[in-house]
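Raw contents of query33.cif, mmCIF, C-alpha atoms:
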data_data
loop_
_atom_site.label_atom_id
_atom_site.label_comp_id
_atom_site.auth_asym_id
_atom_site.auth_seq_id
_atom_site.Cartn_x
_atom_site.Cartn_y
_atom_site.Cartn_z
CA MET K 1128 20.15 32.24 63.15
CA ASN K 1129 17.48 29.95 61.73
CA PRO K 1130 15.92 27.76 64.49
CA GLN K 1131 14.57 25.45 61.80
CA LEU K 1132 18.12 24.26 61.15
CA PHE K 1133 18.25 22.76 64.64
CA THR K 1134 14.93 21.02 64.01
CA VAL K 1135 16.41 19.48 60.85
CA ALA K 1136 19.66 18.55 62.61
CA ARG K 1137 17.90 16.90 65.56
CA ALA K 1138 15.65 14.94 63.22
CA SER K 1139 18.73 13.74 61.33
CA LEU K 1140 20.43 12.77 64.58
CA SER K 1141 17.39 10.76 65.66
CA ARG K 1142 17.82 8.60 62.56
CA LEU K 1143 21.39 7.83 63.62
CA THR K 1144 20.81 7.15 67.30
CA ALA K 1145 18.14 6.95 69.98
CA VAL K 1146 20.42 8.91 72.34
CA ALA K 1147 19.33 12.53 72.78
CA SER K 1148 21.79 15.25 71.86
CA THR K 1149 23.80 16.72 74.71
CA SER K 1150 25.65 19.34 72.67
CA ALA K 1151 24.32 21.90 70.21
CA TRP K 1152 26.18 24.79 68.56
CA TRP K 1153 25.35 27.58 66.16
CA VAL K 1154 28.26 28.59 63.91
CA PRO K 1155 27.73 31.39 61.38
CA GLY K 1156 29.27 32.03 58.01
CA ARG K 1157 31.29 35.18 57.54
CA ILE K 1158 31.81 38.02 55.07
CA GLU K 1159 35.24 39.45 54.39
CA VAL K 1160 34.29 43.06 53.66
CA LEU K 1161 37.93 44.03 53.08
CA GLY K 1162 41.28 42.43 53.82
CA LYS K 1163 41.98 40.26 50.82
CA HIS K 1164 44.72 37.73 51.63
CA THR K 1165 46.13 39.82 54.47
CA ASP K 1166 45.37 37.73 57.56
CA TYR K 1167 48.11 35.09 57.31
CA ALA K 1168 50.58 37.92 56.69
CA GLY K 1169 49.69 39.65 59.97
CA GLY K 1170 47.53 42.32 58.38
CA ARG K 1171 44.19 43.97 59.04
CA VAL K 1172 40.76 42.81 57.88
CA LEU K 1173 37.21 44.12 58.10
CA THR K 1174 34.71 41.30 58.61
CA CYS K 1175 31.35 40.30 60.00
CA ALA K 1176 29.55 37.08 60.76
CA THR K 1177 26.26 36.44 58.99
CA ASN K 1178 22.77 35.43 60.05
CA LEU K 1179 23.27 32.37 57.81
CA GLY K 1180 25.22 29.50 59.27
CA LEU K 1181 25.45 25.96 60.49
CA ALA K 1182 23.61 24.10 63.26
CA ILE K 1183 25.25 21.05 64.78
CA VAL K 1184 23.93 18.66 67.43
CA GLY K 1185 25.76 15.71 68.91
CA ALA K 1186 25.48 12.73 71.22
CA ARG K 1187 28.35 10.75 72.69
CA ARG K 1188 28.83 7.07 71.87
CA GLU K 1189 30.36 4.39 74.07
CA ASP K 1190 32.77 3.20 71.36
CA ASP K 1191 35.31 5.02 69.17
CA LEU K 1192 33.05 5.36 66.12
CA ILE K 1193 32.30 8.86 64.86
CA ARG K 1194 29.39 9.32 62.48
CA VAL K 1195 28.35 12.59 60.84
CA VAL K 1196 25.23 13.27 58.80
CA SER K 1197 24.95 16.55 56.87
CA ASN K 1198 21.65 18.10 55.75
CA SER K 1199 19.94 14.70 56.24
CA GLU K 1200 21.85 13.08 53.38
CA GLU K 1201 25.62 12.68 53.44
CA VAL K 1202 27.20 10.40 56.04
CA TRP K 1203 30.83 10.24 57.11
CA CYS K 1204 31.97 7.41 59.33
CA GLY K 1205 35.35 6.83 60.92
CA ALA K 1206 36.89 4.91 63.80
CA SER K 1207 40.01 6.18 65.36
CA ALA K 1208 42.10 3.94 67.51
CA LEU K 1209 44.97 4.95 65.21
CA HIS K 1210 44.33 8.70 65.35
CA SER K 1211 43.11 8.58 61.79
CA SER K 1212 39.82 8.13 60.04
CA THR K 1213 38.45 6.71 56.83
CA PRO K 1214 35.43 8.26 55.12
CA LEU K 1215 32.72 6.04 53.74
CA SER K 1216 32.95 7.94 50.48
CA SER K 1217 35.98 9.89 49.34
CA THR K 1218 33.77 11.71 46.83
CA LEU K 1219 32.25 13.87 49.57
CA GLY K 1220 34.58 16.86 49.59
CA TRP K 1221 33.57 18.07 53.03
CA THR K 1222 34.70 14.86 54.74
CA ILE K 1223 38.33 16.01 54.71
CA TYR K 1224 37.36 18.59 57.34
CA VAL K 1225 35.86 15.90 59.56
CA GLU K 1226 38.92 13.72 59.16
CA THR K 1227 41.23 16.64 59.94
CA VAL K 1228 39.40 17.71 63.09
CA VAL K 1229 39.12 14.17 64.47
CA ALA K 1230 42.76 13.38 63.77
CA ARG K 1231 43.98 16.64 65.34
CA LEU K 1232 41.86 16.35 68.49
CA ARG K 1233 42.82 12.73 69.01
CA GLY K 1234 46.45 13.57 68.44
CA ASN K 1235 46.40 16.52 70.86
CA PHE K 1236 44.24 14.77 73.48
CA PRO K 1237 45.08 11.05 73.20
CA GLY K 1238 42.56 8.71 74.75
CA LYS K 1239 40.06 11.48 75.45
CA VAL K 1240 38.11 11.78 72.20
CA HIS K 1241 35.53 9.03 72.13
CA GLY K 1242 32.88 8.15 69.59
CA ALA K 1243 30.01 10.48 68.71
CA ASP K 1244 26.99 10.81 66.47
CA LEU K 1245 26.76 14.29 64.95
CA ALA K 1246 24.18 15.92 62.69
CA LEU K 1247 24.59 19.13 60.71
CA ALA K 1248 22.18 21.45 58.94
CA SER K 1249 23.30 24.57 57.09
CA ASP K 1250 21.85 27.41 55.02
CA VAL K 1251 25.25 28.69 53.87
CA PRO K 1252 25.92 27.68 50.25
CA ARG K 1253 28.96 25.42 50.20
CA ALA K 1254 32.20 26.81 48.74
CA SER K 1255 30.52 30.18 48.17
CA GLY K 1256 33.25 32.25 49.83
CA MET K 1257 31.29 32.62 53.08
CA SER K 1258 33.66 30.23 54.84
CA SER K 1259 31.38 27.26 55.26
CA SER K 1260 34.52 25.10 55.62
CA SER K 1261 35.94 27.07 58.56
CA ALA K 1262 32.48 27.12 60.13
CA LEU K 1263 32.39 23.33 59.84
CA ILE K 1264 35.79 22.99 61.49
CA ILE K 1265 34.73 25.22 64.38
CA ALA K 1266 31.42 23.38 64.78
CA LEU K 1267 33.06 19.96 64.87
CA THR K 1268 35.83 21.15 67.20
CA ALA K 1269 33.48 22.79 69.68
CA THR K 1270 30.99 19.92 69.73
CA LEU K 1271 33.54 17.13 70.10
CA ALA K 1272 35.30 19.13 72.81
CA GLU K 1273 32.09 19.53 74.78
CA LEU K 1274 31.04 15.89 74.38
CA ASN K 1275 34.44 14.72 75.63
CA GLY K 1276 35.18 17.34 78.27
CA LEU K 1277 38.19 18.71 76.41
CA ASP K 1278 37.11 22.22 77.34
CA LEU K 1279 37.99 21.31 80.95
CA ASP K 1280 41.60 20.56 80.01
CA PRO K 1281 43.94 23.44 80.99
CA ARG K 1282 45.43 23.39 77.50
CA TRP K 1283 42.06 24.04 75.87
CA PRO K 1284 41.62 27.57 74.38
CA SER K 1285 40.11 29.74 77.07
CA THR K 1286 38.69 32.61 74.96
CA ALA K 1287 36.72 32.94 71.75
CA THR K 1288 39.73 34.32 69.88
CA ASP K 1289 41.90 31.49 71.22
CA LEU K 1290 39.34 28.97 69.98
CA ALA K 1291 39.47 30.72 66.61
CA GLY K 1292 43.26 30.46 66.61
CA TYR K 1293 43.18 26.76 67.45
CA ALA K 1294 40.55 26.07 64.78
CA ALA K 1295 42.72 27.92 62.24
CA CYS K 1296 45.69 25.76 63.22
CA ILE K 1297 43.58 22.63 62.85
CA GLU K 1298 42.81 23.80 59.31
CA ASN K 1299 46.33 24.83 58.29
CA GLY K 1300 48.14 22.16 60.31
CA ASN K 1301 50.26 24.52 62.44
CA ASP K 1302 51.10 24.13 66.12
CA PHE K 1303 48.92 26.00 68.59
CA GLY K 1304 50.91 26.61 71.73
CA ALA K 1305 51.57 23.23 73.33
CA LEU K 1306 49.06 21.53 71.01
CA ALA K 1307 51.18 20.04 68.23
CA GLY K 1308 50.24 20.45 64.59
CA HIS K 1309 48.96 17.79 62.24
CA THR K 1310 48.43 17.56 58.49
CA GLY K 1311 45.67 20.16 58.13
CA VAL K 1312 43.52 20.30 55.00
CA GLY K 1313 46.32 21.37 52.66
CA THR K 1314 45.80 25.12 52.50
CA ILE K 1315 48.16 27.90 53.59
CA GLY K 1316 45.68 29.99 55.52
CA GLY K 1317 45.36 32.28 58.49
CA ALA K 1318 42.81 32.92 61.21
CA MET K 1319 40.59 35.59 59.64
CA ASP K 1320 37.62 33.33 58.93
CA HIS K 1321 37.73 31.67 62.33
CA THR K 1322 38.21 34.97 64.16
CA ALA K 1323 35.31 36.58 62.32
CA ILE K 1324 33.10 33.61 63.20
CA CYS K 1325 34.11 33.27 66.85
CA GLY K 1326 34.56 36.95 67.69
CA ALA K 1327 31.65 38.62 65.92
CA GLU K 1328 29.22 41.05 67.55
CA LYS K 1329 25.66 41.01 66.23
CA GLY K 1330 24.98 43.98 63.98
CA MET K 1331 28.64 44.93 63.78
CA LEU K 1332 31.48 44.83 61.29
CA THR K 1333 34.81 44.35 63.06
CA CYS K 1334 38.28 45.49 62.10
CA TRP K 1335 40.83 42.91 63.26
CA SER K 1336 44.59 42.88 63.22
CA LEU K 1337 45.82 39.31 62.88
CA ALA K 1338 48.89 37.36 64.01
CA PRO K 1339 48.51 38.23 66.84
CA THR K 1340 44.75 38.72 67.01
CA ILE K 1341 43.73 42.21 68.13
CA ARG K 1342 40.23 43.66 67.95
CA VAL K 1343 40.76 47.16 66.55
CA SER K 1344 37.22 48.56 66.33
CA ASP K 1345 33.57 47.75 65.67
CA VAL K 1346 31.42 49.72 63.23
CA ARG K 1347 27.91 49.49 61.84
CA LEU K 1348 26.60 49.69 58.32
CA PRO K 1349 25.32 53.17 57.42
CA PRO K 1350 21.64 53.69 58.33
CA GLY K 1351 19.26 52.63 55.60
CA THR K 1352 21.72 50.24 53.93
CA LYS K 1353 21.81 46.46 53.65
CA LEU K 1354 24.15 43.80 52.37
CA LEU K 1355 23.34 41.52 49.47
CA ILE K 1356 25.44 38.50 48.53
CA ALA K 1357 25.57 37.20 44.97
CA VAL K 1358 26.74 33.59 44.79
CA SER K 1359 28.48 33.14 41.45
CA GLY K 1360 27.85 29.43 41.08
CA VAL K 1361 31.59 28.85 40.66
CA MET K 1362 32.74 26.70 43.56
CA ALA K 1363 35.54 28.28 45.60
CA GLU K 1364 36.52 25.08 47.35
CA LYS K 1365 39.99 25.51 48.86
CA THR K 1366 40.48 21.77 49.14
CA GLY K 1367 39.44 21.23 45.54
CA ALA K 1368 40.61 22.63 42.22
CA ALA K 1369 41.18 26.12 43.66
CA ARG K 1370 43.64 24.95 46.32
CA ILE K 1371 46.77 25.25 44.20
CA ALA K 1372 45.82 28.72 42.97
CA TYR K 1373 44.92 29.84 46.50
CA ASN K 1374 48.19 28.53 47.91
CA GLN K 1375 50.14 30.32 45.18
CA VAL K 1376 48.69 33.66 46.31
CA ALA K 1377 49.57 32.88 49.92
CA GLY K 1378 52.94 31.50 48.87
CA ARG K 1379 53.90 34.77 47.20
CA ALA K 1380 53.31 36.60 50.47
CA HIS K 1381 55.53 34.17 52.35
CA ALA K 1382 58.16 34.37 49.62
CA ALA K 1383 58.10 38.18 49.78
CA LEU K 1384 58.74 37.99 53.52
CA ALA K 1385 61.59 35.52 53.02
CA ALA K 1386 63.16 37.77 50.39
CA TRP K 1387 62.94 40.78 52.70
CA ASN K 1388 64.48 38.88 55.60
CA LEU K 1389 67.29 37.66 53.37
CA HIS K 1390 67.87 41.17 52.02
CA THR K 1391 68.00 42.76 55.48
CA GLN K 1392 69.24 39.83 57.57
CA ARG K 1393 66.16 40.26 59.75
CA ARG K 1394 63.85 37.62 61.20
CA ASP K 1395 60.46 39.26 60.85
CA ARG K 1396 57.70 36.70 61.35
CA THR K 1397 55.04 38.30 59.14
CA LEU K 1398 54.78 40.77 56.29
CA ALA K 1399 53.15 43.17 58.74
CA GLU K 1400 56.28 43.10 60.91
CA ALA K 1401 58.43 43.62 57.83
CA VAL K 1402 56.34 46.61 56.71
CA ASN K 1403 56.54 48.11 60.20
CA ALA K 1404 60.33 47.70 59.90
CA GLY K 1405 60.34 49.61 56.62
CA ALA K 1406 59.83 46.97 53.93
CA ARG K 1407 58.73 48.46 50.60
CA PRO K 1408 58.16 46.94 47.15
CA ASP K 1409 61.37 48.55 45.82
CA ASP K 1410 63.36 46.44 48.28
CA LEU K 1411 62.45 43.27 46.37
CA SER K 1412 64.17 42.51 43.08
CA ASP K 1413 61.55 39.95 42.07
CA HIS K 1414 58.73 41.91 40.37
CA ASP K 1415 56.06 39.35 41.25
CA LEU K 1416 56.94 39.48 44.93
CA ALA K 1417 57.14 43.28 44.87
CA VAL K 1418 53.63 43.44 43.43
CA ARG K 1419 52.35 41.09 46.13
CA LEU K 1420 53.95 43.25 48.85
CA GLU K 1421 52.42 46.38 47.31
CA GLN K 1422 48.96 44.83 47.46
CA PHE K 1423 49.44 43.84 51.08
CA ILE K 1424 50.60 47.32 52.10
CA ARG K 1425 47.73 49.10 50.35
CA GLU K 1426 45.04 46.66 51.51
CA SER K 1427 46.15 46.27 55.12
CA THR K 1428 47.61 49.64 56.06
CA VAL K 1429 45.54 51.99 53.89
CA LEU K 1430 42.28 50.60 52.54
CA VAL K 1431 41.01 48.65 55.57
CA PRO K 1432 41.61 51.60 57.95
CA ILE K 1433 40.03 54.08 55.51
CA ALA K 1434 36.97 51.87 55.00
CA THR K 1435 36.56 51.30 58.74
CA ARG K 1436 36.77 55.02 59.54
CA ALA K 1437 34.41 55.85 56.69
CA LEU K 1438 31.75 53.47 58.01
CA ALA K 1439 32.15 54.88 61.51
CA VAL K 1440 31.11 58.33 60.28
CA GLY K 1441 28.69 57.21 57.58
CA ASP K 1442 30.90 58.35 54.70
CA ILE K 1443 29.68 55.97 52.01
CA ALA K 1444 31.62 57.68 49.21
CA SER K 1445 35.01 57.19 50.91
CA PHE K 1446 34.08 53.63 51.81
CA ALA K 1447 33.14 52.92 48.19
CA ASP K 1448 36.43 54.37 46.93
CA ALA K 1449 38.43 52.09 49.24
CA VAL K 1450 36.39 49.07 48.18
CA ALA K 1451 36.87 49.87 44.50
CA GLU K 1452 40.65 50.07 44.88
CA SER K 1453 40.71 46.80 46.84
CA GLN K 1454 38.78 45.06 44.06
CA ALA K 1455 41.10 46.50 41.43
CA LEU K 1456 44.17 45.25 43.32
CA ALA K 1457 42.60 41.80 43.56
CA THR K 1458 42.47 41.75 39.77
CA THR K 1459 45.88 43.22 38.99
CA HIS K 1460 48.03 42.18 41.97
CA LEU K 1461 46.47 39.12 43.59
CA ARG K 1462 45.20 37.84 40.25
CA ASN K 1463 42.54 35.78 42.03
CA GLN K 1464 39.49 37.06 40.16
CA ILE K 1465 37.60 35.23 37.43
CA PRO K 1466 35.24 36.67 34.79
CA GLU K 1467 32.22 35.76 36.89
CA THR K 1468 33.26 37.63 40.04
CA SER K 1469 34.49 40.63 38.06
CA ALA K 1470 31.18 40.76 36.21
CA LEU K 1471 29.20 40.49 39.44
CA VAL K 1472 31.00 43.52 40.86
CA ALA K 1473 30.34 45.53 37.69
CA TYR K 1474 26.69 44.46 37.53
CA ALA K 1475 26.12 45.34 41.19
CA LEU K 1476 27.34 48.87 40.62
CA LYS K 1477 25.31 49.11 37.42
CA ALA K 1478 22.22 48.01 39.36
CA GLY K 1479 22.74 50.90 41.79
CA ALA K 1480 24.82 49.47 44.65
CA TYR K 1481 26.97 51.91 46.63
CA ALA K 1482 29.91 49.49 46.68
CA ALA K 1483 30.66 45.88 45.78
CA SER K 1484 33.56 43.48 46.14
CA ALA K 1485 34.45 39.85 45.65
CA PHE K 1486 35.50 38.17 48.88
CA GLY K 1487 37.02 35.00 50.24
CA ALA K 1488 39.95 33.10 48.78
CA GLY K 1489 39.07 34.03 45.21
CA PHE K 1490 38.90 31.94 42.02
CA GLY K 1491 35.14 31.70 42.43
CA GLY K 1492 32.75 32.25 45.31
CA ALA K 1493 30.65 35.33 45.87
CA VAL K 1494 30.43 39.11 45.79
CA TRP K 1495 28.88 41.39 48.42
CA ALA K 1496 27.10 44.63 47.62
CA LEU K 1497 26.05 47.50 49.86
CA VAL K 1498 22.64 48.77 48.73
CA ASP K 1499 19.86 51.13 49.71
CA GLU K 1500 17.45 49.13 51.87
CA ALA K 1501 14.42 50.83 50.35
CA HIS K 1502 15.21 49.41 46.91
CA ILE K 1503 16.79 46.11 47.90
CA GLU K 1504 14.39 43.89 45.96
CA THR K 1505 14.87 45.89 42.77
CA TYR K 1506 18.65 45.76 43.13
CA ALA K 1507 18.62 42.03 43.76
CA THR K 1508 16.47 41.30 40.71
CA ARG K 1509 18.50 43.52 38.39
CA TRP K 1510 21.77 42.12 39.67
CA LEU K 1511 20.86 38.48 39.23
CA ASP K 1512 19.15 39.05 35.87
CA CYS K 1513 22.24 40.73 34.42
CA TYR K 1514 24.50 37.99 35.68
CA ARG K 1515 22.36 35.09 34.48
CA LEU K 1516 21.99 36.69 31.07
CA THR K 1517 25.79 36.65 30.72
CA PHE K 1518 26.46 33.34 32.50
CA PRO K 1519 23.31 31.22 31.99
CA HIS K 1520 25.21 27.98 32.63
CA HIS K 1521 25.79 28.86 36.30
CA ARG K 1522 22.49 27.54 37.56
CA GLY K 1523 23.72 27.66 41.16
CA SER K 1524 23.89 31.45 41.13
CA SER K 1525 21.65 33.22 43.63
CA ILE K 1526 21.19 36.39 45.66
CA LEU K 1527 21.11 36.27 49.45
CA ARG K 1528 20.05 38.97 51.89
CA VAL K 1529 22.34 38.92 54.91
CA ASP K 1530 22.75 40.84 58.14
CA PRO K 1531 25.85 41.07 60.36
CA GLY K 1532 25.25 38.22 62.76
CA SER K 1533 26.31 36.92 66.14
CA SER K 1534 29.31 34.74 66.90
CA ALA K 1535 29.55 30.96 67.23
CA GLN K 1536 27.79 29.93 70.42
CA ARG K 1537 26.54 27.01 72.40
CA ILE K 1538 22.78 26.46 72.22
CA ASP K 1539 20.52 24.73 74.73
CA SER K 1540 20.62 21.15 73.49
CA GLY K 1541 17.07 20.42 74.58
#
Rewrite the structure from the file as C-alpha cells, please.
Amino acid sequence: MNPQLFTVARASLSRLTAVASTSAWWVPGRIEVLGKHTDYAGGRVLTCATNLGLAIVGARREDDLIRVVSNSEEVWCGASALHSSTPLSSTLGWTIYVETVVARLRGNFPGKVHGADLALASDVPRASGMSSSSALIIALTATLAELNGLDLDPRWPSTATDLAGYAACIENGNDFGALAGHTGVGTIGGAMDHTAICGAEKGMLTCWSLAPTIRVSDVRLPPGTKLLIAVSGVMAEKTGAARIAYNQVAGRAHAALAAWNLHTQRRDRTLAEAVNAGARPDDLSDHDLAVRLEQFIRESTVLVPIATRALAVGDIASFADAVAESQALATTHLRNQIPETSALVAYALKAGAYAASAFGAGFGGAVWALVDEAHIETYATRWLDCYRLTFPHHRGSSILRVDPGSSAQRIDSG
C-alpha cells in the first residue's frame, strides 16, 4: 500500500468540496497465478492481491449528485433520481463502472444512496490484467455503502467473501441473494478477481474454489524468489474491444455445460459440478466445446492443485511445469493469447525466470514471472529490453515489482 496515494486522493477531493472525507478505502489489484477462465465455471484458482492498488476517499453530499475524480484529472458526474446516471464524457472508459455501481446500489437500496464526492488515486496500470476494474467496483461499492449506512442493512454482505460475491454480481449483472440484478458492465464473469481482492492475506497466495467460494489453502512464494509483472502495453479492457472475445471464451464454457446437461438430462449449475458428475470431453460432440471442457478440467482439477502443493513444499520445478502447461492450454484451447503476451512469457524464461504466465482475461494485459530475488534487476532489464526490441511501438510496456499484498480494507479517513 502506498500512503502517497491517499495524499493525492485527499488533495483531489479538496478541489471538489470543502467537506472533509469520512470514508477511505484501500483496494489492491490482484494477480491470477493460475486458474485461467475457471472461476465462473465453479473451478479452482490460485491468486494473490498486490501491494499496488487504489485509494479512494469520499464525503457525503446533501443532494443526489455523485461526482468522481480519478488521479486528479478525470471527472464523472451523475444524478440519480431515476436510478441511472449520465457521465460528463462517454469517452472515459472507466465511467461505465461508476454508472453500474451507482445504478445497482440505488436499485437495491432505493432512497438510501445519496450524493457523494469521491476521489481516486491508483498505481495499478489500467487494463493491464491486474483487475483495476474490479478493484474500482469494490472501492466504489464499499465507500458508497459506508457513506450511506448500507452496511447496517441486514441484506448487506456480512463477510469479505460475501462482499466479493456482491461486487462480482454488480459487475456481471446477476442477482445476489435478495439483491436483484441489474445490467452489469456487459461481461460474463465470475468472482475470482473480487475474491482475490477482498479475501487476500498479506504475503500469501491463496487457492480458492469458486461458486461457491471456499478458501482451500494459503501458500507462500519459495524463499529467495520474487514476482515481476511485465505490462504488455496492449490494453485488456473487458468493456472495450476485448469484451466480445472475452465473452466468447466464457460463452464456450457455458455452452459446454448446457450440452452436457442436455446429453445427460442433468441440471448441473457449473462445469465443476458436471465434472464431478463424470463429464468428460468425449461426451461432447462439438469439438470446440470439448476442447474448452478439456482446458477447464486440466486447469482446475490438475494444474492449480499441483502448483499449490508445489509451492507449499518449495518445489519450483513442479510449479514451473504446471505453469508451462497452463500457458500452453491458454494458447491452444482458450485461444486468448496474442503475440505480445506469448513473447513476454518466452522472453521471461529466456531471461532466467523460473516460471512465467500471462494472466487475466487475455487478449492483452500482462505476464507474471517468478525470479531469483538476488538477480531481479538483471532479469527485469533483460526482459523489458527483449520485449521492446520486438515490439517498439508498445510504449506503455513496463516492468513492475510486486509482492503479495493485503486485502481491501477501510482506512482511517483522517
Using the chain letters and numbers from the file, which residues does the PyMOL selection byres ((chain K and resi 1533-1540) around 7) grab, as a list in words?
Ser1148, Thr1149, Ser1150, Ala1151, Trp1152, Trp1153, Val1154, Pro1155, Ala1176, Ile1324, Cys1325, Gly1326, Ala1327, Glu1328, Lys1329, Gly1532 and Gly1541 of chain K
Minimum-distance residue to Ala1437 of chain K, chosen among K:Asn1235, K:Val1346, K:Ile1356, K:Ala1507 (using only C-alpha atoms):
K:Val1346
Best match for closeness to Ile1223 of chain K among K:Ile1264, K:Leu1411, K:Ile1526, K:Ala1447, counting all atoms listed in the file:
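Distance minimum relative to Ile1223 of chain K lands on K:Ile1264.
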By how many Å are atom CA of Ser1139 of chain K and atom CA of Ala1246 of chain K apart?
6.0 Å
Enter the distance from atom CA of Gln1422 of chain K to atom CA of Thr1397 of chain K, in Å, rounded to one decimal.
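If I compute the distance from atom CA of Gln1422 of chain K to atom CA of Thr1397 of chain K, I get 14.7 Å.
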Name the residues that the PyMOL selection byres ((chain K and resi 1306-1319) around 8) pulls out of this structure, and write them as JSON, numbers by chain.
{"K": [1166, 1167, 1168, 1172, 1223, 1224, 1227, 1230, 1231, 1234, 1235, 1282, 1291, 1292, 1295, 1296, 1297, 1298, 1299, 1300, 1301, 1302, 1303, 1304, 1305, 1320, 1321, 1322, 1323, 1337, 1365, 1366, 1370, 1373, 1374, 1377, 1378]}
Which residues come within 12 Å of segment 1380-1391 of chain K, counting all atoms listed in the file, excluding same-chain residues fewer than 5 positions away, as a PyMOL selection string?
chain K and resi 1163-1170+1315-1316+1373-1375+1396-1402+1404-1424+1460-1461
Write a file of the selected residues as a PDB file, in the frame of the given file, keeping C-alpha atoms.
ATOM      1  CA  LYS K1163      41.980  40.260  50.820  1.00  0.00           C
ATOM      2  CA  HIS K1164      44.720  37.730  51.630  1.00  0.00           C
ATOM      3  CA  THR K1165      46.130  39.820  54.470  1.00  0.00           C
ATOM      4  CA  ASP K1166      45.370  37.730  57.560  1.00  0.00           C
ATOM      5  CA  TYR K1167      48.110  35.090  57.310  1.00  0.00           C
ATOM      6  CA  ALA K1168      50.580  37.920  56.690  1.00  0.00           C
ATOM      7  CA  GLY K1169      49.690  39.650  59.970  1.00  0.00           C
ATOM      8  CA  GLY K1170      47.530  42.320  58.380  1.00  0.00           C
ATOM      9  CA  ILE K1315      48.160  27.900  53.590  1.00  0.00           C
ATOM     10  CA  GLY K1316      45.680  29.990  55.520  1.00  0.00           C
ATOM     11  CA  TYR K1373      44.920  29.840  46.500  1.00  0.00           C
ATOM     12  CA  ASN K1374      48.190  28.530  47.910  1.00  0.00           C
ATOM     13  CA  GLN K1375      50.140  30.320  45.180  1.00  0.00           C
ATOM     14  CA  ARG K1396      57.700  36.700  61.350  1.00  0.00           C
ATOM     15  CA  THR K1397      55.040  38.300  59.140  1.00  0.00           C
ATOM     16  CA  LEU K1398      54.780  40.770  56.290  1.00  0.00           C
ATOM     17  CA  ALA K1399      53.150  43.170  58.740  1.00  0.00           C
ATOM     18  CA  GLU K1400      56.280  43.100  60.910  1.00  0.00           C
ATOM     19  CA  ALA K1401      58.430  43.620  57.830  1.00  0.00           C
ATOM     20  CA  VAL K1402      56.340  46.610  56.710  1.00  0.00           C
ATOM     21  CA  ALA K1404      60.330  47.700  59.900  1.00  0.00           C
ATOM     22  CA  GLY K1405      60.340  49.610  56.620  1.00  0.00           C
ATOM     23  CA  ALA K1406      59.830  46.970  53.930  1.00  0.00           C
ATOM     24  CA  ARG K1407      58.730  48.460  50.600  1.00  0.00           C
ATOM     25  CA  PRO K1408      58.160  46.940  47.150  1.00  0.00           C
ATOM     26  CA  ASP K1409      61.370  48.550  45.820  1.00  0.00           C
ATOM     27  CA  ASP K1410      63.360  46.440  48.280  1.00  0.00           C
ATOM     28  CA  LEU K1411      62.450  43.270  46.370  1.00  0.00           C
ATOM     29  CA  SER K1412      64.170  42.510  43.080  1.00  0.00           C
ATOM     30  CA  ASP K1413      61.550  39.950  42.070  1.00  0.00           C
ATOM     31  CA  HIS K1414      58.730  41.910  40.370  1.00  0.00           C
ATOM     32  CA  ASP K1415      56.060  39.350  41.250  1.00  0.00           C
ATOM     33  CA  LEU K1416      56.940  39.480  44.930  1.00  0.00           C
ATOM     34  CA  ALA K1417      57.140  43.280  44.870  1.00  0.00           C
ATOM     35  CA  VAL K1418      53.630  43.440  43.430  1.00  0.00           C
ATOM     36  CA  ARG K1419      52.350  41.090  46.130  1.00  0.00           C
ATOM     37  CA  LEU K1420      53.950  43.250  48.850  1.00  0.00           C
ATOM     38  CA  GLU K1421      52.420  46.380  47.310  1.00  0.00           C
ATOM     39  CA  GLN K1422      48.960  44.830  47.460  1.00  0.00           C
ATOM     40  CA  PHE K1423      49.440  43.840  51.080  1.00  0.00           C
ATOM     41  CA  ILE K1424      50.600  47.320  52.100  1.00  0.00           C
ATOM     42  CA  HIS K1460      48.030  42.180  41.970  1.00  0.00           C
ATOM     43  CA  LEU K1461      46.470  39.120  43.590  1.00  0.00           C
TER      44      LEU K1461
END
Can you tell me which residues surround segment 1483-1493 of chain K at a distance of at most 7 Å, considering all atoms listed in the file, apart from same-chain residues fewer than 3 positions away, and format the answer as an mmCIF file with C-alpha atoms, in the coordinates of the input?
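Saved to selection-v4.cif:
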data_model
loop_
_atom_site.group_PDB
_atom_site.id
_atom_site.type_symbol
_atom_site.label_atom_id
_atom_site.label_comp_id
_atom_site.auth_asym_id
_atom_site.auth_seq_id
_atom_site.Cartn_x
_atom_site.Cartn_y
_atom_site.Cartn_z
ATOM 1 C CA GLU K 1159 35.240 39.450 54.390
ATOM 2 C CA VAL K 1160 34.290 43.060 53.660
ATOM 3 C CA ALA K 1254 32.200 26.810 48.740
ATOM 4 C CA SER K 1255 30.520 30.180 48.170
ATOM 5 C CA GLY K 1256 33.250 32.250 49.830
ATOM 6 C CA MET K 1257 31.290 32.620 53.080
ATOM 7 C CA ILE K 1356 25.440 38.500 48.530
ATOM 8 C CA ALA K 1357 25.570 37.200 44.970
ATOM 9 C CA VAL K 1358 26.740 33.590 44.790
ATOM 10 C CA SER K 1359 28.480 33.140 41.450
ATOM 11 C CA VAL K 1361 31.590 28.850 40.660
ATOM 12 C CA MET K 1362 32.740 26.700 43.560
ATOM 13 C CA ALA K 1363 35.540 28.280 45.600
ATOM 14 C CA ALA K 1369 41.180 26.120 43.660
ATOM 15 C CA TYR K 1373 44.920 29.840 46.500
ATOM 16 C CA VAL K 1450 36.390 49.070 48.180
ATOM 17 C CA GLN K 1454 38.780 45.060 44.060
ATOM 18 C CA ASN K 1463 42.540 35.780 42.030
ATOM 19 C CA GLN K 1464 39.490 37.060 40.160
ATOM 20 C CA ILE K 1465 37.600 35.230 37.430
ATOM 21 C CA THR K 1468 33.260 37.630 40.040
ATOM 22 C CA VAL K 1472 31.000 43.520 40.860
ATOM 23 C CA ALA K 1475 26.120 45.340 41.190
ATOM 24 C CA LEU K 1476 27.340 48.870 40.620
ATOM 25 C CA ALA K 1480 24.820 49.470 44.650
ATOM 26 C CA ALA K 1496 27.100 44.630 47.620
ATOM 27 C CA LEU K 1497 26.050 47.500 49.860
#
Got a sec to check which residues sit within 12 Å of (22.5, 48.3, 47.8), counting only C-alpha atoms, and write them as a ChimeraX atom specification?
/K:1348-1357,1443,1447,1472,1474-1483,1495-1510,1528-1529
Got a sec: who's within 8 Å of Trp1335 of chain K, counting only C-alpha atoms, leaving out chain neighbours fewer than 3 positions off, as a list of chain:residue names?
K:Arg1171, K:Val1172, K:Leu1173, K:Thr1174, K:Thr1340, K:Ile1341, K:Arg1342, K:Val1343, K:Ser1344
